[in-house]
>>> print(open('entry-v6.cif').read())   # mmCIF, C-alpha atoms
data_input
loop_
_atom_site.label_atom_id
_atom_site.label_comp_id
_atom_site.auth_asym_id
_atom_site.auth_seq_id
_atom_site.Cartn_x
_atom_site.Cartn_y
_atom_site.Cartn_z
CA MET A 988 6.90 -2.05 15.79
CA ILE A 989 4.91 1.03 14.80
CA ALA A 990 1.47 0.00 13.49
CA ARG A 991 -0.49 3.28 13.52
CA LEU A 992 0.22 6.98 13.78
CA ARG A 993 -2.22 9.80 14.50
CA GLY A 994 -1.40 13.45 14.63
CA PRO A 995 -1.38 16.76 12.77
CA LEU A 996 -0.11 16.67 9.20
CA LEU A 997 3.07 18.78 9.02
CA GLU A 998 4.16 18.06 5.44
CA LYS A 999 2.80 16.13 2.50
CA THR A 1000 3.97 15.27 -0.99
CA PRO A 1001 2.70 12.53 -3.31
CA GLU A 1002 5.50 10.27 -1.98
CA GLN A 1003 5.65 11.00 1.75
CA VAL A 1004 4.14 12.72 4.77
CA VAL A 1005 5.41 13.99 8.09
CA LEU A 1006 3.11 13.70 11.12
CA ASP A 1007 3.69 15.51 14.41
CA ILE A 1008 3.30 12.96 17.20
CA ASN A 1009 3.83 14.69 20.54
CA GLY A 1010 6.51 16.98 19.13
CA VAL A 1011 8.30 14.28 17.11
CA GLY A 1012 8.00 14.38 13.32
CA TYR A 1013 7.46 10.91 11.85
CA GLN A 1014 8.12 10.55 8.12
CA ALA A 1015 6.15 7.89 6.26
CA TYR A 1016 6.18 6.97 2.59
CA ILE A 1017 2.71 6.88 1.03
CA SER A 1018 0.96 5.87 -2.19
CA LEU A 1019 -0.98 8.22 -4.48
CA PRO A 1020 -4.38 6.92 -3.27
CA THR A 1021 -3.36 7.69 0.32
CA TYR A 1022 -2.08 11.13 -0.73
CA SER A 1023 -5.42 11.85 -2.40
CA SER A 1024 -7.27 11.05 0.82
CA LEU A 1025 -5.17 13.35 3.04
CA PRO A 1026 -6.63 16.51 4.58
CA ASP A 1027 -4.98 19.95 4.57
CA LEU A 1028 -1.78 20.63 6.50
CA GLY A 1029 -2.32 21.03 10.24
CA VAL A 1030 -5.35 18.75 10.31
CA GLU A 1031 -5.10 15.56 12.38
CA VAL A 1032 -4.76 12.39 10.34
CA ALA A 1033 -4.47 8.70 11.23
CA LEU A 1034 -2.46 6.28 9.10
CA ASP A 1035 -2.01 2.54 9.32
CA ILE A 1036 1.74 1.94 9.29
CA HIS A 1037 4.02 -0.82 8.05
CA THR A 1038 7.45 -0.60 9.72
CA HIS A 1039 10.22 -1.88 7.46
CA VAL A 1040 13.50 -2.61 9.26
CA ARG A 1041 16.72 -3.13 7.35
CA GLU A 1042 20.28 -3.35 8.53
CA ASP A 1043 20.90 0.29 7.63
CA ALA A 1044 17.45 1.92 7.94
CA ILE A 1045 14.04 1.92 9.55
CA GLN A 1046 11.34 3.10 7.17
CA LEU A 1047 7.66 3.75 7.77
CA PHE A 1048 5.03 3.23 5.08
CA GLY A 1049 1.61 4.81 5.67
CA PHE A 1050 -1.80 3.79 4.37
CA SER A 1051 -5.23 5.36 4.55
CA THR A 1052 -6.93 1.93 4.71
CA LYS A 1053 -6.19 -1.46 6.24
CA ARG A 1054 -6.84 -3.05 2.83
CA GLU A 1055 -4.07 -1.04 1.24
CA ARG A 1056 -1.65 -1.97 4.01
CA SER A 1057 -2.65 -5.63 3.75
CA ILE A 1058 -2.02 -5.85 -0.01
CA PHE A 1059 1.27 -3.95 0.46
CA GLU A 1060 2.41 -6.50 3.05
CA ARG A 1061 1.55 -9.34 0.68
CA LEU A 1062 3.43 -7.68 -2.17
CA VAL A 1063 6.66 -7.23 -0.18
CA GLN A 1064 6.67 -10.94 0.65
CA ILE A 1065 7.23 -11.68 -3.04
CA SER A 1066 10.86 -12.18 -4.04
CA GLY A 1067 12.12 -9.15 -5.97
CA ILE A 1068 9.48 -6.74 -4.66
CA GLY A 1069 10.68 -4.35 -2.00
CA PRO A 1070 8.64 -1.74 -0.19
CA ARG A 1071 9.38 1.05 -2.68
CA LEU A 1072 8.24 -1.06 -5.66
CA ALA A 1073 5.16 -2.15 -3.71
CA MET A 1074 4.30 1.54 -3.16
CA THR A 1075 4.79 2.19 -6.88
CA ILE A 1076 2.41 -0.67 -7.64
CA LEU A 1077 -0.20 0.75 -5.25
CA SER A 1078 0.27 4.20 -6.78
CA GLY A 1079 -0.30 2.80 -10.27
CA SER A 1080 -3.58 1.09 -9.48
CA SER A 1081 -6.40 1.13 -6.95
CA VAL A 1082 -6.51 -1.81 -4.54
CA ASP A 1083 -9.71 -3.08 -6.18
CA ASP A 1084 -8.21 -2.85 -9.67
CA LEU A 1085 -4.99 -4.54 -8.56
CA VAL A 1086 -6.82 -7.40 -6.85
CA ALA A 1087 -9.15 -7.86 -9.84
CA SER A 1088 -6.16 -7.86 -12.24
CA ILE A 1089 -4.41 -10.53 -10.20
CA LYS A 1090 -7.54 -12.68 -9.85
CA ARG A 1091 -8.19 -12.66 -13.60
CA GLU A 1092 -4.46 -13.07 -14.35
CA ASP A 1093 -4.33 -9.84 -16.38
CA LEU A 1094 -0.59 -9.67 -17.05
CA ALA A 1095 -1.00 -6.79 -19.51
CA ARG A 1096 -2.59 -4.61 -16.81
CA LEU A 1097 0.12 -5.44 -14.27
CA THR A 1098 2.97 -4.76 -16.70
CA SER A 1099 1.45 -1.36 -17.51
CA ILE A 1100 2.47 -0.27 -13.98
CA PRO A 1101 5.93 1.36 -14.01
CA GLY A 1102 8.61 -0.97 -12.63
CA ILE A 1103 6.66 -4.17 -13.33
CA GLY A 1104 8.04 -6.31 -16.13
CA LYS A 1105 6.71 -9.56 -17.48
CA LYS A 1106 8.56 -11.81 -14.99
CA THR A 1107 7.57 -9.71 -11.98
CA GLY A 1108 3.97 -9.56 -13.16
CA GLU A 1109 3.89 -13.33 -13.58
CA ARG A 1110 5.38 -13.78 -10.11
CA ILE A 1111 2.75 -11.48 -8.58
CA ILE A 1112 -0.05 -13.48 -10.22
CA LEU A 1113 1.47 -16.84 -9.28
CA GLU A 1114 2.10 -15.95 -5.64
CA LEU A 1115 -0.98 -13.85 -4.86
CA LYS A 1116 -3.83 -15.27 -6.91
CA ASP A 1117 -4.84 -17.83 -4.29
CA LYS A 1118 -3.92 -15.59 -1.35
CA LEU A 1119 -6.43 -12.89 -2.31
CA ARG A 1120 -9.57 -14.91 -1.67
CA ASP A 1121 -10.23 -12.81 1.43
CA PHE A 1122 -10.27 -9.58 -0.60
CA ILE A 1123 -13.66 -8.45 -1.82
CA VAL A 1124 -13.64 -6.16 -4.83
CA ASP A 1125 -16.34 -3.58 -4.15
CA GLN A 1126 -17.72 -2.40 -7.45
CA GLU A 1127 -21.12 -1.27 -6.14
CA PRO A 1128 -21.94 2.33 -7.04
CA GLY A 1129 -22.00 4.42 -3.89
CA GLY A 1130 -20.68 1.50 -1.86
CA SER A 1131 -17.90 1.88 0.65
CA GLU A 1132 -14.57 0.17 0.27
CA ALA A 1133 -14.87 -3.36 1.61
CA ASP A 1134 -12.39 -4.40 4.27
CA VAL A 1135 -10.37 -7.56 4.42
CA ILE A 1136 -12.34 -10.52 5.68
CA SER A 1137 -10.46 -12.82 8.03
#
>>> encode(input="entry-v6.cif", output="structure tokens")
Amino acid sequence: MIARLRGPLLEKTPEQVVLDINGVGYQAYISLPTYSSLPDLGVEVALDIHTHVREDAIQLFGFSTKRERSIFERLVQISGIGPRLAMTILSGSSVDDLVASIKREDLARLTSIPGIGKKTGERIILELKDKLRDFIVDQEPGGSEADVIS
């Protein structure tokens, strides 16, 4: 399984990137927060990767932080949420905002994200509320993004 890629950035769009790893171009789908953190083309970048294997495809999903990858992996474990919808969720909200919305059971905030209806929002809250105790929401001004505590 591919867990991390590092190499020059060949292409980037708000939905995907291509990294040159020893002459092989690896395409990875990304969220808007990851896109915003990317350097210019040609600059070396490192992404945490989630490898999604299906019967008909192998897809890579890239993240600028371990926290983002961790919440993505928890989202795709929920029935009815695939990797593309999980990326849409991460693109519609910061990790801190998403975690805070789930912890306070803010269904209105979750359903404001495109692709999330009432039932899916309720399922996200039900299945993740207790599983996000190890996520710290860093709201300190000037603070760095807190990592997942194990």
>>> residues_around(input="entry-v6.cif", residues="Lys1106 of chain A", least_positions_apart="5", cutoff="12 Å", atoms="only C-alpha atoms", output="PDB file with C-alpha atoms, in the frame of the given file")
ATOM      1  CA  SER A1066      10.860 -12.180  -4.040  1.00  0.00           C
ATOM      2  CA  GLY A1067      12.120  -9.150  -5.970  1.00  0.00           C
ATOM      3  CA  ILE A1068       9.480  -6.740  -4.660  1.00  0.00           C
ATOM      4  CA  LEU A1094      -0.590  -9.670 -17.050  1.00  0.00           C
ATOM      5  CA  ALA A1095      -1.000  -6.790 -19.510  1.00  0.00           C
ATOM      6  CA  LEU A1097       0.120  -5.440 -14.270  1.00  0.00           C
ATOM      7  CA  THR A1098       2.970  -4.760 -16.700  1.00  0.00           C
ATOM      8  CA  ILE A1111       2.750 -11.480  -8.580  1.00  0.00           C
ATOM      9  CA  ILE A1112      -0.050 -13.480 -10.220  1.00  0.00           C
ATOM     10  CA  LEU A1113       1.470 -16.840  -9.280  1.00  0.00           C
TER      11      LEU A1113
END
>>> closest_residue(input="entry-v6.cif", among="A:Ile1076, A:Ser1088, A:Phe1050, A:His1037", to="Ile1103 of chain A", atoms="all atoms listed in the file")
A:Ile1076
>>> closest_atom_pairs(input="entry-v6.cif", of="segment 1065-1114 of chain A", to="segment 1012-1025 of chain A", cutoff="7 Å", atoms="all atoms listed in the file", output="JSON lines")
{"residue": "A:Met1074", "atom": "CA", "partner": "A:Ser1018", "partner_atom": "CA", "distance": 5.6}
{"residue": "A:Leu1077", "atom": "CA", "partner": "A:Ser1018", "partner_atom": "CA", "distance": 6.1}
{"residue": "A:Ser1078", "atom": "CA", "partner": "A:Leu1019", "partner_atom": "CA", "distance": 4.8}
>>> resolve_selection(input="entry-v6.cif", expression="the PyMOL selection byres ((chain A and resi 1036) around 9)", output="ChimeraX atom specification")
/A:989-992,1015,1034-1035,1037-1038,1047-1050,1056
>>> closest_residue(input="entry-v6.cif", among="A:Gly1108, A:Gly1010, A:Pro995, A:Pro1001", to="Leu1062 of chain A", atoms="all atoms listed in the file")
A:Gly1108
>>> atom_distance(input="entry-v6.cif", atom1="atom CA of Glu1109 of chain A", atom2="atom CA of Glu1092 of chain A")
8.4 Å
>>> residues_around(input="entry-v6.cif", residues="Glu1060 of chain A", least_positions_apart="4", cutoff="10 Å", atoms="all atoms listed in the file", output="JSON, numbers by chain")
{"A": [1037, 1054, 1055, 1056, 1064, 1065, 1069, 1070, 1073]}
>>> residues_around(input="entry-v6.cif", residues="Glu998 of chain A", least_positions_apart="3", cutoff="10 Å", atoms="all atoms listed in the file", output="ChimeraX atom specification")
/A:995,1003-1007,1012,1014,1027-1029
>>> atom_distance(input="entry-v6.cif", atom1="atom CA of Leu1115 of chain A", atom2="atom CA of Asp1043 of chain A")
28.9 Å
>>> closest_residue(input="entry-v6.cif", among="A:Val1086, A:Arg1071, A:Glu1031, A:Arg1091", to="Glu1002 of chain A", atoms="all atoms listed in the file")
A:Arg1071
>>> atom_distance(input="entry-v6.cif", atom1="atom CA of Val1063 of chain A", atom2="atom CA of Ala1033 of chain A")
22.5 Å
>>> closest_residue(input="entry-v6.cif", among="A:Ala1044, A:Ile1058, A:Met988, A:Leu1072", to="Gly1102 of chain A", atoms="only C-alpha atoms")
A:Leu1072
